[in-house]
Amino acid sequence: MLHIADLRASVAGTTILDGLDLDIPTGEVHAIMGPNGAGKSTLSNVLTGRDGYDITGTVAFDGLDLLTLTPEERAAAGVFLAFQHPVEIPGVGNMYFLRTAVNALRAARGSAELSAVEFLGLAKEHMARLDMDPAFLSRSVNEGFSGGEKKRNEILQMAMLEPRLAILDETDSGLDIDALRAVAQAVERLRSPDRSMLIITHHPRLLDDVRPDRVHVLSGGRVVRSGNRELAHELEAQGYASTVAAASA
Amino acid sequence: MIANGALIEFPTTREEAWRYTPVDEVMARIETATRAHSVSVSRTIVDALAGRHGGPRLVFVNGSYHAGLSDRDGLVAGLRCGPRSPSAVEVATASAAPVDGFIARNGAPDQDIAVVEVDPGTQAPLPVHIVYLATPDRSDPARSTISHPRTVIDVADGGRISIIETYCGLDGPTVTSASTTIRVGCDADVDHYLIQTESSQAMHVGDIRIRQAARARMRLTAVTVGGDIARHAITVDLAGTDAQADVAGVDATTRRQRHDTVVTVDHAALRCSSSQRFRAVVDDHARSSFSGQIIVRPGAEAADAHQSSRNLVLSPNAEADTRPWLQILTDDVRCSHGATVGRLDDEALFYLRSRGIPRRTAHAMLIDAFVHDVTGRVAHSSLRTHLDELVGEQTEKSGADRHDEPLDTHRAHPRLRRHHRALRRHRDS
């Protein structure tokens, strides 16, 4: 589904991604771990089309040249990013935002728009599963939400927008145990044979609940090691430095 | 010019209140414009341009009252509205603010004056809609027509009313020099909407003066989208104790429009409170200015006066000027003012687009959010929809080199974050 080859990205002359290769087959969940500054968030930014990077390399998504598409075209193709720092947008209602997004994607994918009633029913169903108060719909997007509430709001969007590739950028950071479990369960529920996921995380804890098919270690802007779930525990036991050193030895 | 035997000067840009207005061009257009011939206008056109919000509607075309386009429904005992000849109108509402040449021209003897009178204790159930429609001269399309609409509103003690004053026009060069006076009696309550949606070749110079007696409450909402040169001067005299004025506005400009808003709130009595909230969205090569003056006179102790001006600049060639102007002449005053000039939040824009929302829609959503704390408070739903549409259409008109197209993210972030925090603080307060 996702094929990344020799991806390089720099900002103002500073190289951040430096020849990254990664393949995620359809239906698989992959995790990317790595020390601060390894390029994890840059990877998610480049995949979703944030401006400001000089980029070379190939990113093929379902046969599309992802790098030529606008952010909204990527979303229509099925790419979704759960933001590490979800943006607060005062004055834009959460319900209005979500419904506009759901219907924009439905229009782009050729399906009929949801009516207000259909939308509300669906939203409430997903919110109940995430243990979110429906009152969140009537607030401004992320405005005044706690860290955990923002992350749940990201997962709610992921559930409603039904992406083919979901990228979770440190969705577990700053969450307490209950919120972490709710996020992990939601991710498990969204697992499906035609949906792939890329989970970016610092902590192996999430990977105990969400069992990835592959784990990759990102360092210096490239994947330096790949392995199965055991690699996460190896990282936890030995730290990034020795794991990365072992990989480059 | 000579009026009432006294020489009245036209202003110049040397005067603070006219600093941002191209006075020479305004003068030249007024001097060369001619009175419009009577034109036939259909009800459909008036409905389309001004909206229909229930209640009585008075329609004036080029300053002349048109009974055929007007509606008398919703009139109740104690509420009178209609056209009057100038000699029949006593100017009881005269304000302390100086008269300039523009005002003096209004109320020329051959012009109808729109008069709304509310008797003591009368509550008008539906808004009164006053529509001024300007039409160009079809026989001489190069020459501008001119009209001098004048509105007098007198709300007696304990009266309560909503008034919508709409300035609209057909395409072509027109000049409108308008003057409105509003007297709000003791304990009276007035909700006034001032909407200027004239054509792209129109020039509009408007002066609105409000005088409030003790415990009078006034909410004024001004929405300005039309005209290539437009200026509103709004003066509020808080003359009685415990009066409250809430003055707010949205100004949306694009292309080469020049819009100026000059507000003066004059606290002259004890324990009055006032707020000024203005939002400007400036695009293309447009320019928008806001000058907001707060005067607190000796004897107006325990005044509570606030002002906020926020400006969203969408294009590198657009300009927003904002200027607070405070004259506090007494102690025991709570007074605050804040102004911001910023761009659309790139982070928010990317967030919306990453969810599949097309860029133009995302833009519109963020602009709508920016003006929401002014337009969102409009009580009448048909009017709120009408205003949202006016602002939406106006900001859709442009598409020229927007800031977010050639990317320049890094430089703008700190300022925008500040802007957003300021906006949030404002909404929380």
# chains A, B, ... in the order shown; residues from 1 in each chain; ligands from 1
$ closest_atom_pairs --of "chain A" --to "chain B" --cutoff "7 Å" --atoms "only C-alpha atoms" --output "CSV"
residue,atom,partner,partner_atom,distance
A:Thr48,CA,B:Ser354,CA,6.7
A:Arg50,CA,B:Phe350,CA,6.8
A:Asp51,CA,B:Leu407,CA,7.0
A:Gly52,CA,B:Leu407,CA,6.9
A:Pro71,CA,B:Ser354,CA,5.1
A:Glu72,CA,B:Gly356,CA,4.1
A:Glu73,CA,B:Gly356,CA,6.7
A:Ala75,CA,B:Gly356,CA,4.8
A:Ala76,CA,B:Gly356,CA,5.8
A:Val87,CA,B:Ala348,CA,6.1
A:Ile89,CA,B:Ala348,CA,6.4
A:Pro90,CA,B:Arg424,CA,6.7
A:Gly91,CA,B:Ala369,CA,4.3
A:Val92,CA,B:Ala369,CA,5.6
A:Thr100,CA,B:Ile357,CA,6.9
A:Ala101,CA,B:Ile357,CA,5.4
A:Ala104,CA,B:Ile357,CA,5.8
A:Leu105,CA,B:Gly356,CA,5.7
$ residues_around --residues "B:Asp207" --least-positions-apart "6" --cutoff "6 Å" --atoms "only C-alpha atoms" --output "JSON, numbers by chain"
{"B": [179, 232, 233]}
$ write_last_selection --atoms "N, CA and C atoms" --output "short mmCIF file (atom, residue, chain, number, x, y, z; two decimals), in the first residue's frame"
data_model
loop_
_atom_site.label_atom_id
_atom_site.label_comp_id
_atom_site.auth_asym_id
_atom_site.auth_seq_id
_atom_site.Cartn_x
_atom_site.Cartn_y
_atom_site.Cartn_z
N SER B 179 -26.66 60.28 6.80
CA SER B 179 -26.56 60.69 8.18
C SER B 179 -27.72 60.12 8.99
N HIS B 232 -17.45 55.04 7.64
CA HIS B 232 -18.50 55.17 8.65
C HIS B 232 -17.93 55.92 9.83
N ALA B 233 -18.61 56.96 10.27
CA ALA B 233 -18.25 57.58 11.54
C ALA B 233 -19.39 57.29 12.51
#
$ residues_around --residues "stretch 56-61 of chain B" --least-positions-apart "4" --cutoff "9 Å" --atoms "only C-alpha atoms" --output "MDAnalysis selection string"
chainID B and resid 38:41 46 52 65:75 81:83 112 114 126:135 147 149 169
$ write_last_selection --atoms "C-alpha atoms" --output "mmCIF file, in the first residue's frame"
data_model
loop_
_atom_site.group_PDB
_atom_site.id
_atom_site.type_symbol
_atom_site.label_atom_id
_atom_site.label_comp_id
_atom_site.auth_asym_id
_atom_site.auth_seq_id
_atom_site.Cartn_x
_atom_site.Cartn_y
_atom_site.Cartn_z
ATOM 1 C CA SER B 38 -36.280 58.438 -10.760
ATOM 2 C CA VAL B 39 -35.794 54.823 -11.726
ATOM 3 C CA SER B 40 -38.156 51.900 -11.486
ATOM 4 C CA VAL B 41 -36.881 49.149 -9.236
ATOM 5 C CA VAL B 46 -34.904 45.073 -3.164
ATOM 6 C CA ARG B 52 -36.572 40.524 4.015
ATOM 7 C CA TYR B 65 -39.446 57.204 -0.579
ATOM 8 C CA HIS B 66 -41.164 54.453 -2.624
ATOM 9 C CA ALA B 67 -44.464 53.389 -1.098
ATOM 10 C CA GLY B 68 -44.836 50.578 -3.657
ATOM 11 C CA LEU B 69 -41.659 48.897 -2.465
ATOM 12 C CA SER B 70 -42.351 49.473 1.209
ATOM 13 C CA ASP B 71 -44.322 47.375 3.685
ATOM 14 C CA ARG B 72 -46.428 48.503 6.570
ATOM 15 C CA ASP B 73 -46.913 45.155 8.342
ATOM 16 C CA GLY B 74 -45.847 44.722 11.924
ATOM 17 C CA LEU B 75 -46.751 48.284 12.956
ATOM 18 C CA CYS B 81 -42.352 55.053 10.916
ATOM 19 C CA GLY B 82 -42.350 56.599 7.489
ATOM 20 C CA PRO B 83 -40.983 59.371 5.314
ATOM 21 C CA ASP B 112 -37.386 62.574 2.269
ATOM 22 C CA ALA B 114 -36.839 58.330 7.273
ATOM 23 C CA LEU B 126 -40.513 43.028 14.767
ATOM 24 C CA PRO B 127 -37.487 44.864 13.400
ATOM 25 C CA VAL B 128 -38.067 48.002 11.328
ATOM 26 C CA HIS B 129 -36.090 47.776 8.098
ATOM 27 C CA ILE B 130 -34.966 50.968 6.361
ATOM 28 C CA VAL B 131 -33.512 50.372 2.900
ATOM 29 C CA TYR B 132 -31.616 52.973 0.913
ATOM 30 C CA LEU B 133 -31.001 51.877 -2.643
ATOM 31 C CA ALA B 134 -28.660 53.863 -4.891
ATOM 32 C CA THR B 135 -28.883 53.585 -8.653
ATOM 33 C CA SER B 147 -28.090 60.956 -2.729
ATOM 34 C CA PRO B 149 -30.179 59.790 2.932
ATOM 35 C CA GLY B 169 -27.254 49.705 -4.809
#
$ residues_around --residues "A:Ile4" --least-positions-apart "2" --cutoff "8 Å" --atoms "only C-alpha atoms" --output "ChimeraX atom specification"
/A:2,6-7,20-23,57-60
$ select_by_dssp --residues "stretch 100-302 of chain B" --states "helix (DSSP H, G or I)" --output "PDB file with N, CA and C atoms, in the first residue's frame"
ATOM      1  N   GLY B 101     -19.055  69.346   6.561  1.00  0.00           N
ATOM      2  CA  GLY B 101     -19.717  69.638   5.301  1.00  0.00           C
ATOM      3  C   GLY B 101     -20.603  68.522   4.789  1.00  0.00           C
ATOM      4  N   PHE B 102     -20.226  67.284   5.074  1.00  0.00           N
ATOM      5  CA  PHE B 102     -21.028  66.162   4.590  1.00  0.00           C
ATOM      6  C   PHE B 102     -22.392  66.133   5.268  1.00  0.00           C
ATOM      7  N   ILE B 103     -22.365  66.311   6.594  1.00  0.00           N
ATOM      8  CA  ILE B 103     -23.604  66.245   7.357  1.00  0.00           C
ATOM      9  C   ILE B 103     -24.515  67.397   6.954  1.00  0.00           C
ATOM     10  N   ALA B 104     -23.919  68.590   6.816  1.00  0.00           N
ATOM     11  CA  ALA B 104     -24.706  69.785   6.549  1.00  0.00           C
ATOM     12  C   ALA B 104     -25.492  69.652   5.246  1.00  0.00           C
ATOM     13  N   ARG B 105     -24.965  68.885   4.314  1.00  0.00           N
ATOM     14  CA  ARG B 105     -25.653  68.715   3.043  1.00  0.00           C
ATOM     15  C   ARG B 105     -26.885  67.817   3.171  1.00  0.00           C
TER      16      ARG B 105
END
$ decode --residues "stretch 167-284 of chain B" --atoms "C-alpha atoms" --output "PDB file, in the first residue's frame"
ATOM      1  CA  TYR B 167     -27.461  50.715   2.152  1.00  0.00           C
ATOM      2  CA  CYS B 168     -27.424  48.837  -1.137  1.00  0.00           C
ATOM      3  CA  GLY B 169     -27.254  49.705  -4.809  1.00  0.00           C
ATOM      4  CA  LEU B 170     -27.288  48.672  -8.416  1.00  0.00           C
ATOM      5  CA  ASP B 171     -24.001  48.287 -10.306  1.00  0.00           C
ATOM      6  CA  GLY B 172     -22.453  51.547 -11.420  1.00  0.00           C
ATOM      7  CA  PRO B 173     -20.997  54.736  -9.951  1.00  0.00           C
ATOM      8  CA  THR B 174     -23.037  56.159  -7.088  1.00  0.00           C
ATOM      9  CA  VAL B 175     -22.297  58.417  -4.136  1.00  0.00           C
ATOM     10  CA  THR B 176     -24.174  58.110  -0.861  1.00  0.00           C
ATOM     11  CA  SER B 177     -23.633  60.639   1.889  1.00  0.00           C
ATOM     12  CA  ALA B 178     -25.745  59.394   4.761  1.00  0.00           C
ATOM     13  CA  SER B 179     -26.556  60.688   8.184  1.00  0.00           C
ATOM     14  CA  THR B 180     -28.434  58.939  10.975  1.00  0.00           C
ATOM     15  CA  THR B 181     -29.328  60.236  14.404  1.00  0.00           C
ATOM     16  CA  ILE B 182     -30.674  58.033  17.158  1.00  0.00           C
ATOM     17  CA  ARG B 183     -32.029  59.198  20.480  1.00  0.00           C
ATOM     18  CA  VAL B 184     -32.388  56.483  23.097  1.00  0.00           C
ATOM     19  CA  GLY B 185     -34.556  57.606  26.011  1.00  0.00           C
ATOM     20  CA  CYS B 186     -34.270  56.605  29.671  1.00  0.00           C
ATOM     21  CA  ASP B 187     -34.465  52.820  30.158  1.00  0.00           C
ATOM     22  CA  ALA B 188     -34.999  52.346  26.424  1.00  0.00           C
ATOM     23  CA  ASP B 189     -33.377  49.482  24.537  1.00  0.00           C
ATOM     24  CA  VAL B 190     -32.273  49.683  20.892  1.00  0.00           C
ATOM     25  CA  ASP B 191     -30.705  47.048  18.689  1.00  0.00           C
ATOM     26  CA  HIS B 192     -29.431  48.718  15.518  1.00  0.00           C
ATOM     27  CA  TYR B 193     -27.880  47.052  12.466  1.00  0.00           C
ATOM     28  CA  LEU B 194     -26.048  49.123   9.913  1.00  0.00           C
ATOM     29  CA  ILE B 195     -25.393  47.213   6.696  1.00  0.00           C
ATOM     30  CA  GLN B 196     -23.526  48.699   3.753  1.00  0.00           C
ATOM     31  CA  THR B 197     -23.511  46.462   0.700  1.00  0.00           C
ATOM     32  CA  GLU B 198     -23.405  48.956  -2.161  1.00  0.00           C
ATOM     33  CA  SER B 199     -21.882  48.194  -5.575  1.00  0.00           C
ATOM     34  CA  SER B 200     -18.167  47.968  -6.281  1.00  0.00           C
ATOM     35  CA  GLN B 201     -18.183  51.464  -7.875  1.00  0.00           C
ATOM     36  CA  ALA B 202     -20.073  53.106  -5.047  1.00  0.00           C
ATOM     37  CA  MET B 203     -18.716  55.634  -2.610  1.00  0.00           C
ATOM     38  CA  HIS B 204     -20.302  55.796   0.814  1.00  0.00           C
ATOM     39  CA  VAL B 205     -19.743  58.385   3.520  1.00  0.00           C
ATOM     40  CA  GLY B 206     -21.887  57.745   6.549  1.00  0.00           C
ATOM     41  CA  ASP B 207     -22.289  59.477   9.874  1.00  0.00           C
ATOM     42  CA  ILE B 208     -24.269  57.949  12.707  1.00  0.00           C
ATOM     43  CA  ARG B 209     -24.830  59.761  15.984  1.00  0.00           C
ATOM     44  CA  ILE B 210     -26.386  58.186  19.022  1.00  0.00           C
ATOM     45  CA  ARG B 211     -27.378  59.901  22.223  1.00  0.00           C
ATOM     46  CA  GLN B 212     -28.328  57.785  25.218  1.00  0.00           C
ATOM     47  CA  ALA B 213     -30.220  58.921  28.303  1.00  0.00           C
ATOM     48  CA  ALA B 214     -30.043  57.333  31.757  1.00  0.00           C
ATOM     49  CA  ARG B 215     -29.988  53.510  31.788  1.00  0.00           C
ATOM     50  CA  ALA B 216     -30.504  53.390  28.025  1.00  0.00           C
ATOM     51  CA  ARG B 217     -29.109  50.322  26.307  1.00  0.00           C
ATOM     52  CA  MET B 218     -27.855  50.340  22.753  1.00  0.00           C
ATOM     53  CA  ARG B 219     -26.310  47.616  20.604  1.00  0.00           C
ATOM     54  CA  LEU B 220     -24.998  48.693  17.218  1.00  0.00           C
ATOM     55  CA  THR B 221     -23.704  46.143  14.713  1.00  0.00           C
ATOM     56  CA  ALA B 222     -22.155  47.526  11.531  1.00  0.00           C
ATOM     57  CA  VAL B 223     -21.363  45.276   8.585  1.00  0.00           C
ATOM     58  CA  THR B 224     -19.497  46.918   5.719  1.00  0.00           C
ATOM     59  CA  VAL B 225     -18.719  45.044   2.536  1.00  0.00           C
ATOM     60  CA  GLY B 226     -19.664  47.366  -0.342  1.00  0.00           C
ATOM     61  CA  GLY B 227     -18.319  50.408  -2.140  1.00  0.00           C
ATOM     62  CA  ASP B 228     -14.822  51.134  -3.358  1.00  0.00           C
ATOM     63  CA  ILE B 229     -14.414  53.980  -0.867  1.00  0.00           C
ATOM     64  CA  ALA B 230     -16.493  53.740   2.275  1.00  0.00           C
ATOM     65  CA  ARG B 231     -16.332  55.513   5.586  1.00  0.00           C
ATOM     66  CA  HIS B 232     -18.502  55.167   8.648  1.00  0.00           C
ATOM     67  CA  ALA B 233     -18.246  57.577  11.541  1.00  0.00           C
ATOM     68  CA  ILE B 234     -20.084  56.348  14.617  1.00  0.00           C
ATOM     69  CA  THR B 235     -20.465  58.638  17.608  1.00  0.00           C
ATOM     70  CA  VAL B 236     -22.090  57.528  20.827  1.00  0.00           C
ATOM     71  CA  ASP B 237     -22.845  60.067  23.555  1.00  0.00           C
ATOM     72  CA  LEU B 238     -23.446  58.398  26.882  1.00  0.00           C
ATOM     73  CA  ALA B 239     -25.275  61.389  28.313  1.00  0.00           C
ATOM     74  CA  GLY B 240     -27.312  59.770  31.101  1.00  0.00           C
ATOM     75  CA  THR B 241     -26.116  57.758  34.091  1.00  0.00           C
ATOM     76  CA  ASP B 242     -25.782  53.971  33.842  1.00  0.00           C
ATOM     77  CA  ALA B 243     -26.177  53.930  30.048  1.00  0.00           C
ATOM     78  CA  GLN B 244     -24.685  50.980  28.181  1.00  0.00           C
ATOM     79  CA  ALA B 245     -23.418  50.936  24.592  1.00  0.00           C
ATOM     80  CA  ASP B 246     -22.110  47.923  22.740  1.00  0.00           C
ATOM     81  CA  VAL B 247     -20.730  48.878  19.337  1.00  0.00           C
ATOM     82  CA  ALA B 248     -19.423  46.159  17.047  1.00  0.00           C
ATOM     83  CA  GLY B 249     -18.627  45.733  13.407  1.00  0.00           C
ATOM     84  CA  VAL B 250     -17.272  43.576  10.626  1.00  0.00           C
ATOM     85  CA  ASP B 251     -15.500  45.117   7.678  1.00  0.00           C
ATOM     86  CA  ALA B 252     -14.630  42.819   4.771  1.00  0.00           C
ATOM     87  CA  THR B 253     -12.618  44.332   1.942  1.00  0.00           C
ATOM     88  CA  THR B 254     -11.083  43.002  -1.226  1.00  0.00           C
ATOM     89  CA  ARG B 255      -9.729  44.218  -4.584  1.00  0.00           C
ATOM     90  CA  ARG B 256      -8.871  47.906  -4.157  1.00  0.00           C
ATOM     91  CA  GLN B 257     -11.508  48.852  -1.629  1.00  0.00           C
ATOM     92  CA  ARG B 258     -10.728  51.439   1.025  1.00  0.00           C
ATOM     93  CA  HIS B 259     -12.854  51.258   4.130  1.00  0.00           C
ATOM     94  CA  ASP B 260     -12.564  53.423   7.207  1.00  0.00           C
ATOM     95  CA  THR B 261     -14.400  53.132  10.480  1.00  0.00           C
ATOM     96  CA  VAL B 262     -14.140  55.907  13.018  1.00  0.00           C
ATOM     97  CA  VAL B 263     -15.820  55.314  16.363  1.00  0.00           C
ATOM     98  CA  THR B 264     -16.146  57.741  19.245  1.00  0.00           C
ATOM     99  CA  VAL B 265     -17.724  56.733  22.516  1.00  0.00           C
ATOM    100  CA  ASP B 266     -18.108  59.700  24.820  1.00  0.00           C
ATOM    101  CA  HIS B 267     -18.700  58.931  28.505  1.00  0.00           C
ATOM    102  CA  ALA B 268     -20.292  62.063  29.963  1.00  0.00           C
ATOM    103  CA  ALA B 269     -22.293  60.612  32.873  1.00  0.00           C
ATOM    104  CA  LEU B 270     -21.733  58.408  35.915  1.00  0.00           C
ATOM    105  CA  ARG B 271     -21.376  54.604  35.721  1.00  0.00           C
ATOM    106  CA  CYS B 272     -21.759  54.171  31.989  1.00  0.00           C
ATOM    107  CA  SER B 273     -20.294  51.169  30.227  1.00  0.00           C
ATOM    108  CA  SER B 274     -19.246  50.748  26.632  1.00  0.00           C
ATOM    109  CA  SER B 275     -17.578  48.210  24.430  1.00  0.00           C
ATOM    110  CA  GLN B 276     -16.217  48.451  20.907  1.00  0.00           C
ATOM    111  CA  ARG B 277     -15.498  45.237  19.024  1.00  0.00           C
ATOM    112  CA  PHE B 278     -14.398  45.484  15.414  1.00  0.00           C
ATOM    113  CA  ARG B 279     -13.147  42.798  13.056  1.00  0.00           C
ATOM    114  CA  ALA B 280     -11.669  43.505   9.639  1.00  0.00           C
ATOM    115  CA  VAL B 281     -10.813  41.005   6.909  1.00  0.00           C
ATOM    116  CA  VAL B 282      -8.581  42.605   4.269  1.00  0.00           C
ATOM    117  CA  ASP B 283      -7.652  40.905   1.000  1.00  0.00           C
ATOM    118  CA  ASP B 284      -6.001  41.701  -2.355  1.00  0.00           C
TER     119      ASP B 284
END
